[in-house]
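Notes to accompany the following structure.
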Amino acid sequence: MVWLVFCGVIVCFFIWVYNKVIRLKNLLFEAQSGVEVQLKRRYDLVPNLVKVVSSYCKHERDIFENVVKYRSQAMSISDLSKKESYENTLEKGLCSLLMLKEAYPELKVSDIFLKLQQELVVIEDDLQYARRYYNGVVRNFNTFISLFPICLFQKILKVSTKPFFLICPRYFLFKISYIS
């Protein structure tokens, strides 16, 4: 009788662990999707921004080409954990592109440029929130599957810790360039 109760408790515990892992995995997929949506919004904005800036700054061709190349590279990677370095490179390129307005004052007064710059600031804000949510879900997932005795079931459940999405935000540059 004691063995039957013990086995029942073990089975109930395993069912609870399995269901919790499934819930956390679903939250992880949702959070990853949120980051990818914001990245897609930024990818869609980049060509318009390059087009507007290039119409004012014809001598900065290499900056435009690099930003387009960085965008293509970042878009080609589907695994969020492998995307970090490409996103960092794209952000550096976008910062260079936005800083051109210091050398070309006519950009500062262009309504289209200011509107695109404002859109980029909004997208960067949304991306930052999505990244924070994703990293919070990853933290909860990694903590849960690493706790004892749940860590004993990792192989059975076919789960392992997930990496954080650590893009290096140059958020302050976007804010500064938007305000100035």
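Within each chain, counting starts at residue 1; across the structure tokens, chains are named A, B, ... in the order shown, with ligands numbered 1 upward in that order.
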
DSSP on the backbone, alpha helix (DSSP H) only: what residues of chain A does that give? Format it as JSON, numbers by chain. {"A": [2, 3, 4, 5, 6, 7, 8, 9, 10, 11, 12, 13, 14, 15, 16, 17, 18, 19, 20, 21, 22, 23, 24, 25, 26, 27, 28, 29, 30, 31, 32, 33, 34, 35, 36, 37, 38, 39, 40, 41, 42, 43, 44, 45, 46, 47, 48, 49, 50, 51, 52, 53, 54, 55, 56, 61, 62, 63, 64, 65, 66, 67, 68, 69, 70, 71, 72, 73, 74, 75, 76, 84, 85, 86, 87, 88, 89, 90, 91, 92, 93, 94, 95, 96, 97, 98, 99, 100, 101, 102, 103, 105, 106, 107, 108, 111, 112, 113, 114, 115, 116, 117, 118, 119, 120, 121, 122, 123, 124, 125, 126, 127, 128, 129, 130, 131, 132, 133, 134, 135, 136, 137, 138, 139, 140, 141, 142, 143, 144, 145, 146, 154, 155, 156, 157, 171, 172, 173, 174, 175, 176, 177, 178, 179]}

With distances taken over only C-alpha atoms, which of A:Ile150, A:Leu166, A:Leu157, A:Val52 is nearest to Leu116 of chain A?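 Closest to Leu116 of chain A, using only C-alpha atoms: A:Val52.
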
For atom CA of Met1 of chain A and atom CA of Ile15 of chain A, determine how far apart the two atoms are, in Å to one decimal place. 21.2 Å

With only C-alpha atoms as the counted atoms, please give the residues lying no more than 12 Å from Val46 of chain A, apart from itself and same-chain residues fewer than 2 positions off, as JSON, numbers by chain. {"A": [39, 40, 41, 42, 43, 44, 48, 49, 50, 51, 52, 53, 54, 64, 65, 66, 67, 68, 69, 70, 71, 72, 74, 75, 90, 91, 93, 94, 95, 97, 98, 113, 116, 117, 119, 120, 123]}

Which residues come within 6 Å of segment 132-145 of chain A, counting only C-alpha atoms, excluding same-chain residues fewer than 6 positions away, as an MDAnalysis selection string? chainID A and resid 24 28 31 151 161 164

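Residues with any atom within 12 Å of Phe14 of chain A, counting only C-alpha atoms and excluding same-chain neighbours fewer than 5 positions away, are Cys7, Gly8, Val9, Asn19, Lys20, Val21, Pro149, Ile150, Cys151, Leu152, Phe153, Gln154, Ile156 and Leu157 of chain A.
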